[in-house]
Amino acid sequence: MNRLKELRIEKGLLQSDIARIINKGERTVGFYETGERDMGTETLAKLSDYFNVSIDYLLGKTDIRNIEELKQVKFANAGGLDINGLDEEELLELQRQIDFIKKMKGKK
């Protein structure tokens, strides 16, 4: 399922509610949800802020919703990785790398 649709349903919102949040038409939201149209950076930023998720999560590039959730991931705390001093973007990049390694490992 499309992440936008998943988040919308999770919050009990209608496409018209999302349309008001991002100042777009209801049909446009439908196109975003079906993948017929890509969201621009401004729309992604608005939705990311509203749902408190990363843009990468909205785009389906990671399953980690936001930086706070990333900080709770077992590898980051109990797995022995030293994440002290890393900012949000660096932590998200680390997660992207891990996701990539897992994906490549699964293809073998």
# chains A, B, ... in the order shown; residues from 1 in each chain; ligands from 1
>>> residues_around(residues="Glu69 (chain A)", least_positions_apart="5", cutoff="10 Å", atoms="only C-alpha atoms", output="list in words")
Val53, Asp63 and Ile64 of chain A
>>> closest_residue(among="A:Arg65, A:Glu36, A:Thr43, A:Glu6", to="Arg20 (chain A)", atoms="only C-alpha atoms")
A:Thr43
>>> residues_around(residues="Tyr57 (chain A)", least_positions_apart="5", cutoff="12 Å", atoms="only C-alpha atoms", output="JSON, numbers by chain")
{"A": [2, 3, 4, 6, 7, 44, 45, 47, 48, 49, 51, 52, 62, 63, 64, 65, 66, 67, 69, 70, 92, 95, 96]}
>>> closest_residue(among="A:Leu81, A:Asp87, A:Gly25, A:Glu33", to="Leu58 (chain A)", atoms="only C-alpha atoms")
A:Glu33
>>> atom_distance(atom1="CA of Leu59 (chain A)", atom2="CA of Tyr32 (chain A)")
10.8 Å
>>> closest_residue(among="A:Val29, A:Leu94, A:Ile55, A:Met39", to="Lys5 (chain A)", atoms="only C-alpha atoms")
A:Val29
>>> atom_distance(atom1="CA of Lys61 (chain A)", atom2="CA of Glu93 (chain A)")
10.7 Å
>>> select_by_dssp(residues="region 16-94 of chain A", states="alpha helix (DSSP H)", output="number ranges by chain")
A: 16-22, 26-34, 41-51, 55-58, 67-72, 74-77, 88-94
>>> closest_residue(among="A:Gly40, A:Asp56, A:Ala19, A:Phe31", to="Glu89 (chain A)", atoms="only C-alpha atoms")
A:Asp56
>>> residues_around(residues="Asp17 (chain A)", least_positions_apart="3", cutoff="12 Å", atoms="only C-alpha atoms", output="list in words")
Lys5, Arg8, Ile9, Lys11, Gly12, Leu13, Leu14, Arg20, Ile21, Ile22, Asn23, Lys24, Gly25, Glu26, Arg27, Val29, Gly30, Leu47 and Tyr50 of chain A
>>> atom_distance(atom1="CA of Glu88 (chain A)", atom2="CA of Lys105 (chain A)")
25.7 Å
